[in-house]
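What's in target_33.pdb: PDB, C-alpha atoms and all ligand atoms
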```
ATOM      1  CA  MET A 153      20.523   1.538 -24.584
ATOM      2  CA  ALA A 154      19.981   1.895 -20.846
ATOM      3  CA  ASN A 155      16.940   0.437 -19.159
ATOM      4  CA  ILE A 156      14.824   1.716 -16.271
ATOM      5  CA  VAL A 157      14.464  -1.293 -13.974
ATOM      6  CA  LEU A 158      13.280   0.159 -10.672
ATOM      7  CA  GLY A 159      11.497   3.195  -9.281
ATOM      8  CA  ILE A 160      11.577   4.116  -5.604
ATOM      9  CA  ALA A 161       9.776   6.960  -3.843
ATOM     10  CA  THR A 162      10.469   7.570  -0.192
ATOM     11  CA  SER A 163       9.769  10.172   2.448
ATOM     12  CA  HIS A 164      12.904  11.520   4.098
ATOM     13  CA  GLY A 165      11.716  13.724   6.984
ATOM     14  CA  PRO A 166      13.679  14.074  10.231
ATOM     15  CA  LEU A 167      10.951  12.301  12.264
ATOM     16  CA  LEU A 168      12.030   9.064  10.574
ATOM     17  CA  SER A 169      15.324   9.310  12.402
ATOM     18  CA  THR A 170      14.139  10.928  15.639
ATOM     19  CA  PRO A 171      13.148   8.723  18.597
ATOM     20  CA  PRO A 172       9.343   9.066  19.021
ATOM     21  CA  GLU A 173       9.739  10.467  22.536
ATOM     22  CA  MET A 174      11.726  13.336  21.009
ATOM     23  CA  TRP A 175       9.231  14.330  18.325
ATOM     24  CA  HIS A 176       8.177  17.235  20.538
ATOM     25  CA  LEU A 177      11.446  18.968  19.581
ATOM     26  CA  ARG A 178       9.952  19.823  16.188
ATOM     27  CA  ALA A 179       6.465  20.359  17.652
ATOM     28  CA  ALA A 180       7.892  23.267  19.688
ATOM     29  CA  ASP A 181       8.729  24.982  16.420
ATOM     30  CA  ASP A 182       5.288  24.130  14.996
ATOM     31  CA  ARG A 183       3.681  26.204  17.773
ATOM     32  CA  LYS A 184       5.482  29.334  16.557
ATOM     33  CA  MET A 185       4.801  28.878  12.867
ATOM     34  CA  GLN A 186       1.957  29.539  10.455
ATOM     35  CA  HIS A 187       0.896  26.408   8.588
ATOM     36  CA  PRO A 188      -0.487  26.058   5.086
ATOM     37  CA  TRP A 189      -3.446  23.650   5.185
ATOM     38  CA  ARG A 190      -6.218  23.076   2.665
ATOM     39  CA  GLY A 191      -5.884  26.367   0.856
ATOM     40  CA  GLY A 192      -5.557  28.536   4.002
ATOM     41  CA  THR A 193      -2.746  29.404   6.383
ATOM     42  CA  TYR A 194      -3.290  28.920  10.101
ATOM     43  CA  SER A 195      -1.620  29.253  13.470
ATOM     44  CA  PHE A 196      -1.069  26.189  15.613
ATOM     45  CA  ASP A 197      -3.984  27.125  17.898
ATOM     46  CA  GLU A 198      -6.307  27.684  14.955
ATOM     47  CA  LEU A 199      -5.463  24.210  13.642
ATOM     48  CA  VAL A 200      -6.173  22.673  17.062
ATOM     49  CA  LYS A 201      -9.673  24.198  16.952
ATOM     50  CA  MET A 202     -10.377  23.400  13.302
ATOM     51  CA  ARG A 203      -9.196  19.795  13.567
ATOM     52  CA  ALA A 204     -10.796  19.043  16.943
ATOM     53  CA  GLY A 205     -12.816  16.141  15.480
ATOM     54  CA  GLU A 206      -9.805  14.190  14.172
ATOM     55  CA  ASN A 207      -8.761  12.452  17.380
ATOM     56  CA  LEU A 208      -5.330  14.018  17.003
ATOM     57  CA  GLU A 209      -4.357  13.796  20.650
ATOM     58  CA  PHE A 210      -4.580  10.022  20.350
ATOM     59  CA  LYS A 211      -2.800   9.975  16.989
ATOM     60  CA  ALA A 212       0.062  12.018  18.480
ATOM     61  CA  SER A 213       0.227   9.985  21.729
ATOM     62  CA  LEU A 214       3.547   8.336  22.536
ATOM     63  CA  ASP A 215       2.153   4.835  21.939
ATOM     64  CA  GLU A 216       0.968   5.819  18.479
ATOM     65  CA  ARG A 217       4.197   7.636  17.704
ATOM     66  CA  VAL A 218       6.166   4.503  18.594
ATOM     67  CA  ARG A 219       3.863   2.306  16.498
ATOM     68  CA  ARG A 220       4.076   4.605  13.496
ATOM     69  CA  HIS A 221       7.835   5.128  13.784
ATOM     70  CA  THR A 222       8.324   1.342  13.882
ATOM     71  CA  ALA A 223       6.183   0.922  10.753
ATOM     72  CA  CYS A 224       8.327   3.501   8.941
ATOM     73  CA  GLN A 225      11.559   1.687   9.869
ATOM     74  CA  ALA A 226      10.124  -1.558   8.487
ATOM     75  CA  ALA A 227       9.146   0.187   5.252
ATOM     76  CA  ILE A 228      12.593   1.758   4.817
ATOM     77  CA  ALA A 229      14.166  -1.659   5.407
ATOM     78  CA  THR A 230      11.893  -3.140   2.721
ATOM     79  CA  LEU A 231      13.021  -0.479   0.228
ATOM     80  CA  ALA A 232      16.673  -1.127   1.086
ATOM     81  CA  ARG A 233      16.123  -4.862   0.538
ATOM     82  CA  LYS A 234      14.433  -4.197  -2.796
ATOM     83  CA  TRP A 235      17.400  -2.042  -3.808
ATOM     84  CA  ASP A 236      19.797  -4.851  -2.864
ATOM     85  CA  GLU A 237      17.747  -7.439  -4.688
ATOM     86  CA  VAL A 238      17.418  -5.520  -7.980
ATOM     87  CA  LYS A 239      20.999  -4.154  -7.885
ATOM     88  CA  PRO A 240      20.636  -1.313 -10.400
ATOM     89  CA  ASP A 241      23.931  -0.095 -11.872
ATOM     90  CA  VAL A 242      23.204   3.613 -11.619
ATOM     91  CA  ALA A 243      20.520   5.972 -10.306
ATOM     92  CA  VAL A 244      18.804   9.252 -11.045
ATOM     93  CA  ILE A 245      17.516  10.916  -7.871
ATOM     94  CA  VAL A 246      14.848  13.634  -7.897
ATOM     95  CA  GLY A 247      14.994  15.715  -4.719
ATOM     96  CA  ASN A 248      14.976  19.253  -3.398
ATOM     97  CA  ASP A 249      17.201  21.638  -1.510
ATOM     98  CA  GLN A 250      15.805  23.244   1.637
ATOM     99  CA  MET A 251      18.017  26.328   1.679
ATOM    100  CA  GLU A 252      20.846  23.981   2.624
ATOM    101  CA  ILE A 253      23.123  24.955  -0.239
ATOM    102  CA  PHE A 254      21.049  27.405  -2.292
ATOM    103  CA  THR A 255      20.083  30.759  -0.853
ATOM    104  CA  ASP A 256      17.763  33.484  -2.058
ATOM    105  CA  GLN A 257      20.689  34.704  -4.170
ATOM    106  CA  ASN A 258      19.733  32.078  -6.718
ATOM    107  CA  ILE A 259      17.292  29.167  -6.546
ATOM    108  CA  PRO A 260      17.036  27.154  -9.761
ATOM    109  CA  THR A 261      13.608  25.797 -10.716
ATOM    110  CA  PHE A 262      15.243  22.626 -12.056
ATOM    111  CA  LEU A 263      18.946  21.802 -11.784
ATOM    112  CA  VAL A 264      20.902  18.751 -12.897
ATOM    113  CA  TYR A 265      24.203  18.079 -11.158
ATOM    114  CA  TYR A 266      26.888  16.742 -13.502
ATOM    115  CA  GLY A 267      29.993  16.655 -11.288
ATOM    116  CA  GLU A 268      32.376  13.689 -11.127
ATOM    117  CA  THR A 269      31.808  13.215  -7.406
ATOM    118  CA  ILE A 270      29.051  13.861  -4.875
ATOM    119  CA  ASP A 271      30.295  14.902  -1.453
ATOM    120  CA  ASN A 272      28.282  14.018   1.625
ATOM    121  CA  ILE A 273      29.740  15.950   4.537
ATOM    122  CA  PRO A 274      28.656  16.076   8.224
ATOM    123  CA  PHE A 275      27.581  19.464   9.596
ATOM    124  CA  SER A 276      30.402  21.724  10.801
ATOM    125  CA  ASP A 277      30.311  23.050  14.378
ATOM    126  CA  GLU A 278      29.266  26.401  12.967
ATOM    127  CA  GLN A 279      26.395  24.836  10.983
ATOM    128  CA  ARG A 280      25.250  22.838  14.021
ATOM    129  CA  LYS A 281      24.828  26.048  15.999
ATOM    130  CA  ARG A 282      22.474  27.412  13.333
ATOM    131  CA  MET A 283      20.180  24.343  13.141
ATOM    132  CA  PRO A 284      16.522  24.747  14.041
ATOM    133  CA  PRO A 285      15.382  22.452  16.906
ATOM    134  CA  GLY A 286      14.792  18.801  16.077
ATOM    135  CA  ILE A 287      16.892  18.726  12.890
ATOM    136  CA  LEU A 288      20.355  17.939  14.227
ATOM    137  CA  ILE A 289      19.118  14.808  16.001
ATOM    138  CA  ALA A 290      18.231  13.307  12.601
ATOM    139  CA  GLU A 291      21.584  14.086  10.960
ATOM    140  CA  LYS A 292      22.629  10.431  10.847
ATOM    141  CA  SER A 293      19.834   9.629   8.401
ATOM    142  CA  HIS A 294      21.540  11.647   5.684
ATOM    143  CA  HIS A 295      25.131  12.408   6.721
ATOM    144  CA  PRO A 296      27.818   9.779   7.308
ATOM    145  CA  ASP A 297      30.104  10.059  10.360
ATOM    146  CA  THR A 298      33.000  11.272   8.231
ATOM    147  CA  PRO A 299      33.028  13.116   4.888
ATOM    148  CA  GLN A 300      32.413  10.788   1.954
ATOM    149  CA  SER A 301      32.757  11.251  -1.754
ATOM    150  CA  TYR A 302      30.374   9.210  -3.902
ATOM    151  CA  PRO A 303      30.577   8.662  -7.654
ATOM    152  CA  GLY A 304      28.656  11.107  -9.840
ATOM    153  CA  LEU A 305      27.577  10.222 -13.373
ATOM    154  CA  PRO A 306      28.550  13.146 -15.626
ATOM    155  CA  ASP A 307      27.956  11.218 -18.824
ATOM    156  CA  LEU A 308      24.285  10.505 -18.129
ATOM    157  CA  ALA A 309      23.816  13.864 -16.378
ATOM    158  CA  GLN A 310      25.031  15.778 -19.447
ATOM    159  CA  HIS A 311      22.859  13.640 -21.685
ATOM    160  CA  ILE A 312      19.832  14.472 -19.504
ATOM    161  CA  ILE A 313      20.732  18.182 -19.630
ATOM    162  CA  ALA A 314      21.075  18.065 -23.434
ATOM    163  CA  ASN A 315      17.713  16.320 -23.756
ATOM    164  CA  LEU A 316      15.987  18.806 -21.457
ATOM    165  CA  MET A 317      17.433  21.728 -23.425
ATOM    166  CA  ALA A 318      16.365  20.119 -26.719
ATOM    167  CA  LYS A 319      12.833  19.860 -25.338
ATOM    168  CA  GLU A 320      12.903  23.537 -24.323
ATOM    169  CA  PHE A 321      13.441  23.062 -20.607
ATOM    170  CA  ASP A 322      15.915  25.818 -19.728
ATOM    171  CA  VAL A 323      17.459  23.731 -16.990
ATOM    172  CA  ALA A 324      20.223  24.912 -14.654
ATOM    173  CA  ALA A 325      23.371  22.808 -14.545
ATOM    174  CA  ALA A 326      26.058  22.514 -11.875
ATOM    175  CA  LYS A 327      29.438  20.805 -11.985
ATOM    176  CA  ARG A 328      30.052  21.910  -8.397
ATOM    177  CA  LEU A 329      27.480  22.570  -5.707
ATOM    178  CA  PRO A 330      27.410  26.044  -4.139
ATOM    179  CA  LYS A 331      29.041  26.641  -0.791
ATOM    180  CA  THR A 332      28.973  29.968   1.008
ATOM    181  CA  ASP A 333      29.337  31.090   4.630
ATOM    182  CA  ALA A 334      25.549  30.958   4.814
ATOM    183  CA  SER A 335      25.316  27.334   3.597
ATOM    184  CA  HIS A 336      23.564  25.084   6.077
ATOM    185  CA  THR A 337      25.209  22.052   4.499
ATOM    186  CA  SER A 338      28.573  21.711   2.785
ATOM    187  CA  GLY A 339      27.795  18.901   0.369
ATOM    188  CA  ILE A 340      24.742  17.232  -1.084
ATOM    189  CA  PRO A 341      21.416  18.156   0.640
ATOM    190  CA  HIS A 342      19.489  15.745   2.867
ATOM    191  CA  ALA A 343      16.926  14.689   0.249
ATOM    192  CA  PHE A 344      19.746  12.916  -1.584
ATOM    193  CA  GLY A 345      21.824  11.966   1.479
ATOM    194  CA  PHE A 346      18.822  10.060   2.836
ATOM    195  CA  VAL A 347      18.730   7.860  -0.274
ATOM    196  CA  TYR A 348      22.478   7.206  -0.224
ATOM    197  CA  ARG A 349      22.463   6.282   3.453
ATOM    198  CA  LYS A 350      19.122   4.626   4.142
ATOM    199  CA  ILE A 351      18.239   2.945   0.843
ATOM    200  CA  MET A 352      21.667   2.370  -0.717
ATOM    201  CA  SER A 353      23.127   1.601   2.733
ATOM    202  CA  ASP A 354      26.210   3.813   2.249
ATOM    203  CA  ARG A 355      27.268   1.980  -0.909
ATOM    204  CA  PRO A 356      25.940   4.352  -3.551
ATOM    205  CA  VAL A 357      26.099   3.514  -7.219
ATOM    206  CA  PRO A 358      27.000   6.372  -9.607
ATOM    207  CA  SER A 359      24.066   8.781  -9.590
ATOM    208  CA  VAL A 360      22.619  11.950 -11.069
ATOM    209  CA  PRO A 361      20.968  14.340  -8.591
ATOM    210  CA  VAL A 362      18.080  16.272 -10.173
ATOM    211  CA  PHE A 363      16.957  19.244  -8.078
ATOM    212  CA  VAL A 364      13.404  20.583  -8.140
ATOM    213  CA  ASN A 365      12.569  23.831  -6.351
ATOM    214  CA  THR A 366       9.442  22.513  -4.696
ATOM    215  CA  PHE A 367       9.452  24.891  -1.710
ATOM    216  CA  TYR A 368      10.372  28.443  -2.470
ATOM    217  CA  PRO A 369       8.314  31.113  -4.218
ATOM    218  CA  PRO A 370       8.270  32.645  -6.703
ATOM    219  CA  ASN A 371       9.682  30.065  -9.145
ATOM    220  CA  GLN A 372       8.359  26.640  -8.214
ATOM    221  CA  PRO A 373       7.480  24.528 -11.251
ATOM    222  CA  SER A 374       3.864  23.449 -11.771
ATOM    223  CA  THR A 375       2.887  19.798 -11.402
ATOM    224  CA  HIS A 376       2.420  19.668 -15.164
ATOM    225  CA  ARG A 377       5.953  20.910 -15.697
ATOM    226  CA  CYS A 378       7.274  18.331 -13.196
ATOM    227  CA  LEU A 379       5.464  15.560 -15.026
ATOM    228  CA  GLU A 380       6.834  16.705 -18.395
ATOM    229  CA  MET A 381      10.343  17.040 -16.963
ATOM    230  CA  GLY A 382      10.124  13.405 -15.820
ATOM    231  CA  LYS A 383       9.173  12.297 -19.311
ATOM    232  CA  VAL A 384      12.239  13.953 -20.822
ATOM    233  CA  VAL A 385      14.507  12.503 -18.127
ATOM    234  CA  ALA A 386      13.119   9.037 -18.870
ATOM    235  CA  SER A 387      13.605   9.339 -22.612
ATOM    236  CA  ALA A 388      17.138  10.631 -21.990
ATOM    237  CA  ILE A 389      17.893   7.579 -19.835
ATOM    238  CA  GLU A 390      16.488   5.276 -22.490
ATOM    239  CA  SER A 391      18.494   6.889 -25.285
ATOM    240  CA  TRP A 392      21.724   6.917 -23.256
ATOM    241  CA  LYS A 393      24.381   4.806 -24.980
ATOM    242  CA  SER A 394      24.949   2.373 -22.155
ATOM    243  CA  ASP A 395      23.641  -1.017 -21.164
ATOM    244  CA  ALA A 396      23.199   0.162 -17.561
ATOM    245  CA  ARG A 397      20.191  -0.864 -15.491
ATOM    246  CA  VAL A 398      18.876   2.382 -14.051
ATOM    247  CA  ALA A 399      16.859   3.186 -10.926
ATOM    248  CA  VAL A 400      14.896   6.411 -10.569
ATOM    249  CA  PHE A 401      14.208   7.826  -7.103
ATOM    250  CA  ALA A 402      11.870  10.428  -5.658
ATOM    251  CA  SER A 403      12.767  11.753  -2.216
ATOM    252  CA  GLY A 404      10.466  13.749   0.077
ATOM    253  CA  GLY A 405       6.857  14.325   1.156
ATOM    254  CA  LEU A 406       4.141  13.542   1.748
ATOM    255  CA  SER A 407       2.096  16.220   3.564
ATOM    256  CA  HIS A 408       3.904  18.248   6.220
ATOM    257  CA  PHE A 409       4.057  20.134   8.411
ATOM    258  CA  ALA A 410       0.270  20.055   8.768
ATOM    259  CA  VAL A 411      -0.558  16.462   7.872
ATOM    260  CA  ASP A 412      -3.436  16.113   5.387
ATOM    261  CA  GLU A 413      -4.340  12.467   4.800
ATOM    262  CA  GLU A 414      -6.980  13.354   2.225
ATOM    263  CA  LEU A 415      -4.412  15.167   0.099
ATOM    264  CA  ASP A 416      -1.868  12.357   0.460
ATOM    265  CA  LEU A 417      -4.431   9.809  -0.640
ATOM    266  CA  SER A 418      -5.244  11.856  -3.720
ATOM    267  CA  LEU A 419      -1.590  11.497  -4.772
ATOM    268  CA  ILE A 420      -1.399   7.814  -3.831
ATOM    269  CA  ASP A 421      -4.695   6.948  -5.554
ATOM    270  CA  GLY A 422      -3.663   8.901  -8.656
ATOM    271  CA  MET A 423      -0.450   6.864  -8.843
ATOM    272  CA  LYS A 424      -2.275   3.576  -8.163
ATOM    273  CA  ASN A 425      -4.752   4.338 -10.937
ATOM    274  CA  ASN A 426      -1.993   5.344 -13.358
ATOM    275  CA  SER A 427      -3.830   8.615 -13.783
ATOM    276  CA  GLU A 428      -1.772  11.630 -14.812
ATOM    277  CA  LYS A 429      -5.068  13.488 -14.887
ATOM    278  CA  ALA A 430      -5.650  12.785 -11.193
ATOM    279  CA  LEU A 431      -2.153  13.990 -10.298
ATOM    280  CA  LEU A 432      -2.634  17.171 -12.295
ATOM    281  CA  ALA A 433      -6.034  17.762 -10.665
ATOM    282  CA  ILE A 434      -4.480  18.268  -7.206
ATOM    283  CA  PRO A 435      -4.973  21.996  -6.521
ATOM    284  CA  ALA A 436      -1.806  24.044  -7.044
ATOM    285  CA  ASP A 437      -2.035  25.655  -3.604
ATOM    286  CA  SER A 438      -1.776  22.225  -1.940
ATOM    287  CA  PHE A 439       1.946  22.197  -2.669
ATOM    288  CA  ARG A 440       3.250  24.515   0.002
ATOM    289  CA  ALA A 441       5.877  24.063   2.757
ATOM    290  CA  GLY A 442       7.060  20.448   3.109
ATOM    291  CA  THR A 443       3.998  19.118   1.299
ATOM    292  CA  SER A 444       5.509  20.652  -1.837
ATOM    293  CA  GLU A 445       7.995  17.771  -1.886
ATOM    294  CA  MET A 446       5.268  15.705  -3.542
ATOM    295  CA  LYS A 447       6.524  17.490  -6.644
ATOM    296  CA  ASN A 448       9.591  15.237  -6.453
ATOM    297  CA  TRP A 449       7.228  12.250  -6.658
ATOM    298  CA  ILE A 450       5.209  13.445  -9.636
ATOM    299  CA  PRO A 451       7.946  13.198 -12.318
ATOM    300  CA  VAL A 452       8.993   9.769 -11.038
ATOM    301  CA  ALA A 453       5.406   8.496 -10.809
ATOM    302  CA  GLY A 454       4.846   9.725 -14.367
ATOM    303  CA  ILE A 455       7.922   7.856 -15.612
ATOM    304  CA  MET A 456       6.793   4.612 -13.979
ATOM    305  CA  MET A 457       3.158   4.914 -15.081
ATOM    306  CA  ASN A 458       4.152   5.452 -18.696
ATOM    307  CA  ARG A 459       6.239   2.290 -18.636
ATOM    308  CA  GLY A 460       3.494   0.183 -17.116
ATOM    309  CA  MET A 461       5.654  -0.659 -14.112
ATOM    310  CA  LYS A 462       3.703  -2.044 -11.195
ATOM    311  CA  MET A 463       3.368   0.235  -8.189
ATOM    312  CA  ASN A 464       3.815  -1.340  -4.768
ATOM    313  CA  LEU A 465       2.771   0.808  -1.825
ATOM    314  CA  ILE A 466       4.809  -0.572   1.049
ATOM    315  CA  ASP A 467       3.219   1.719   3.594
ATOM    316  CA  TYR A 468       1.591   5.074   4.177
ATOM    317  CA  VAL A 469       2.161   6.281   7.722
ATOM    318  CA  PRO A 470       0.882   9.683   8.829
ATOM    319  CA  CYS A 471       3.200  10.599  11.721
ATOM    320  CA  TYR A 472       1.590  13.158  14.042
ATOM    321  CA  ARG A 473       3.594  15.059  16.612
ATOM    322  CA  SER A 474       0.967  17.433  18.004
ATOM    323  CA  GLU A 475      -2.730  17.922  18.691
ATOM    324  CA  ALA A 476      -2.775  20.444  15.817
ATOM    325  CA  GLY A 477      -2.104  17.623  13.361
ATOM    326  CA  THR A 478       1.426  18.770  12.652
ATOM    327  CA  GLY A 479       4.029  16.165  11.807
ATOM    328  CA  ASN A 480       4.963  14.429   8.571
ATOM    329  CA  ALA A 481       2.977  11.882   6.609
ATOM    330  CA  MET A 482       5.409   9.262   5.340
ATOM    331  CA  ALA A 483       5.010   7.044   2.290
ATOM    332  CA  PHE A 484       7.182   4.367   0.754
ATOM    333  CA  VAL A 485       6.658   3.032  -2.750
ATOM    334  CA  TYR A 486       8.503   1.050  -5.351
ATOM    335  CA  TRP A 487       7.717   0.301  -8.986
ATOM    336  CA  GLN A 488       9.116  -2.672 -10.808
TER     337      GLN A 488
HETATM  338 FE    FE A 501      12.775  17.598   3.031
END
```

Encoded form (structure tokens):
Amino acid sequence: MANIVLGIATSHGPLLSTPPEMWHLRAADDRKMQHPWRGGTYSFDELVKMRAGENLEFKASLDERVRRHTACQAAIATLARKWDEVKPDVAVIVGNDQMEIFTDQNIPTFLVYYGETIDNIPFSDEQRKRMPPGILIAEKSHHPDTPQSYPGLPDLAQHIIANLMAKEFDVAAAKRLPKTDASHTSGIPHAFGFVYRKIMSDRPVPSVPVFVNTFYPPNQPSTHRCLEMGKVVASAIESWKSDARVAVFASGGLSHFAVDEELDLSLIDGMKNNSEKALLAIPADSFRAGTSEMKNWIPVAGIMMNRGMKMNLIDYVPCYRSEAGTGNAMAFVYWQ
């Protein structure tokens, strides 16, 4: 039977691959948006007033941005080294789509991809024109220079689907990923592309992408459901007739676009303390906008906790890009 030998959870936000002096590109968008934060929703100017005591101008200064960006690069390099050292045979990757390939025509709560190949395709000229500011600059973190086709893992994917169905998860399944004129991406979304490029260094092993709709109302799964989904995925891996050594990834988070260190630490401490209860105690309305990507971490954390694998927090780096506290808090963890 297959064995889970490694767990990796990594942030994947565009700031990781944007030079710190260019972080203002996304901050310009922040000024126009409303931001979920601690149960409310606020304008940029409201956040500046409410968070006046947090020394955010300093935290978003260029010197700090450079320092924090450098720390993130070191952490990503550590994860890539760990990947190389452990050399898992195959991977299951829990990530989300950000309206890259799904549209409001149909957004699955959970979807398992069971195709033979996973295409990772650079943006077309048409797609580039439609990008919001500050996204295109980070394309290299998830798209290769030329279209690539990576190995899928239909055998394990179908076994995971069968196990989820047997445990009454009515999971969506895709042998091909959707592509329409409205698609912002033509292959696998960035949550997965980031793992293939930055952690697996463009030499991906066969993998199963598991999609969680963290972002989009009205059908996001609860944290409890995410945790339970992880348990079924793990037991499917461990009952898969293979002697493969398997890695499980979580891609995304932590808090963004309004950074909330207190919230991030509640997730990190819950994982450190092997406490499902602590993870489930995080208020449901915390998981909005990019912060919702923590729901990719919860199933993976649950899998690792239940196997007694040791959690190693490589770094937690809140990356601020404005005096309103907008940005993206980054975290990098492995379990072994
Ligand atoms: Fe994302």

Fill in: Residue nearest ligand FE 501 (chain A) - candidates A:Pro274, A:Gly159, A:Pro285, A:Gly247, atoms counted: only C-alpha atoms and all ligand atoms
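Ranked by minimum distance to ligand FE 501 (chain A), first place goes to A:Gly247.
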
Practice prompt. Check the smallest atom-to-atom distance from each of A:Lys292, A:Lys327, A:Lys239, A:His311 to A:Thr170 using only C-alpha atoms, then report the winner.
Written response: A:Lys292

Worksheet entry | Using only C-alpha atoms: which of A:Arg349, A:Lys383, A:Arg280, A:Arg190 has the shortest distance to A:Ser335 |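 Nearest candidate to A:Ser335 out of A:Arg349, A:Lys383, A:Arg280, A:Arg190: A:Arg280.
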
Practice prompt. For A:Leu417, list every protein, DNA or RNA residue within 12 Å, evaluated using only C-alpha atoms, and leave out those in the same chain fewer than 3 positions away; present the list as a list in words.
Written response: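 Contacts, in chain order: Leu406, Ser407, Val411, Asp412, Glu413, Glu414, Ile420, Asp421, Gly422, Met423, Lys424, Asn425, Ala430, Leu431, Ile434, Met446, Leu465, Asp467, Tyr468, Val469, Pro470, Ala481, Met482 and Ala483 of chain A.
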
Fill in: Selection under test: the PyMOL selection byres (((chain A and resi 181-184) around 9) and not hetatm); residues as a list in words
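Applied to this file, the PyMOL selection byres (((chain A and resi 181-184) around 9) and not hetatm) selects His176, Leu177, Arg178, Ala179, Ala180, Met185, Gln186, His187, Ser195, Phe196, Asp197, Pro284, Pro285, Gly286, Phe409, Ala410, Ser474, Ala476, Thr478 and Gly479 of chain A.
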
Fill in: Nearest residue to A:Phe367 from the set A:Gly404, A:Pro166, A:Pro451, A:Gly460 (distances using all atoms listed in the file)
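Of A:Gly404, A:Pro166, A:Pro451, A:Gly460, the one nearest A:Phe367 is A:Gly404, counting all atoms listed in the file.
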
Practice prompt. Select, counting all atoms listed in the file, all protein, DNA and RNA residues no farther than 7 Å from (18.6, 4.2, -26.7) in file coordinates, and express the selection as a list in words.
Written response: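 These residues have at least one counted atom within 7 Å: Met153, Ala154, Glu390, Ser391, Trp392 and Lys393 of chain A.
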
Taking only C-alpha atoms and all ligand atoms into account, report as a CSV table (one decimal) with C-alpha atoms, in the frame of the given file which residues have an atom no farther than 8 Å from an atom of ligand FE 501 (chain A).
```
chain,number,residue,atom,x,y,z
A,164,HIS,CA,12.9,11.5,4.1
A,165,GLY,CA,11.7,13.7,7.0
A,248,ASN,CA,15.0,19.3,-3.4
A,249,ASP,CA,17.2,21.6,-1.5
A,250,GLN,CA,15.8,23.2,1.6
A,342,HIS,CA,19.5,15.7,2.9
A,343,ALA,CA,16.9,14.7,0.2
A,403,SER,CA,12.8,11.8,-2.2
A,404,GLY,CA,10.5,13.7,0.1
A,405,GLY,CA,6.9,14.3,1.2
A,442,GLY,CA,7.1,20.4,3.1
A,445,GLU,CA,8.0,17.8,-1.9
```

Fill in: Resolved residues for the PyMOL selection byres (((chain A and resi 355) around 12) and not hetatm) as a count of residues only
24

I'd like the box whose edges run along x, y and z of the file and which contains every listed atom of stretch 293-305 of chain A, padded by 5 Å per side; could you state its centre and edge lengths in Å, one decimal, as AutoDock Vina command-line options?
```
--center_x 26.4 --center_y 10.9 --center_z -1.5 --size_x 23.2 --size_y 14.5 --size_z 33.7
```

Using only C-alpha atoms, which protein or nucleic acid residues come within 8 Å of A:Ala227? Drop anything in the same chain fewer than 4 positions from it, and give the result as a short mmCIF file (atom, residue, chain, number, x, y, z; two decimals) with C-alpha atoms, keeping the file's coordinate frame.
```
data_model
loop_
_atom_site.label_atom_id
_atom_site.label_comp_id
_atom_site.auth_asym_id
_atom_site.auth_seq_id
_atom_site.Cartn_x
_atom_site.Cartn_y
_atom_site.Cartn_z
CA ALA A 223 6.18 0.92 10.75
CA LEU A 231 13.02 -0.48 0.23
CA ILE A 466 4.81 -0.57 1.05
CA ASP A 467 3.22 1.72 3.59
CA PHE A 484 7.18 4.37 0.75
#
```

Discussion item. Here is a test: counting all atoms listed in the file, which residue of A:Val323, A:Ala386, A:Ala402, A:Leu415 is nearest to A:Ile245?
Written reply: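 Closest residue, counting all atoms listed in the file: A:Ala402.
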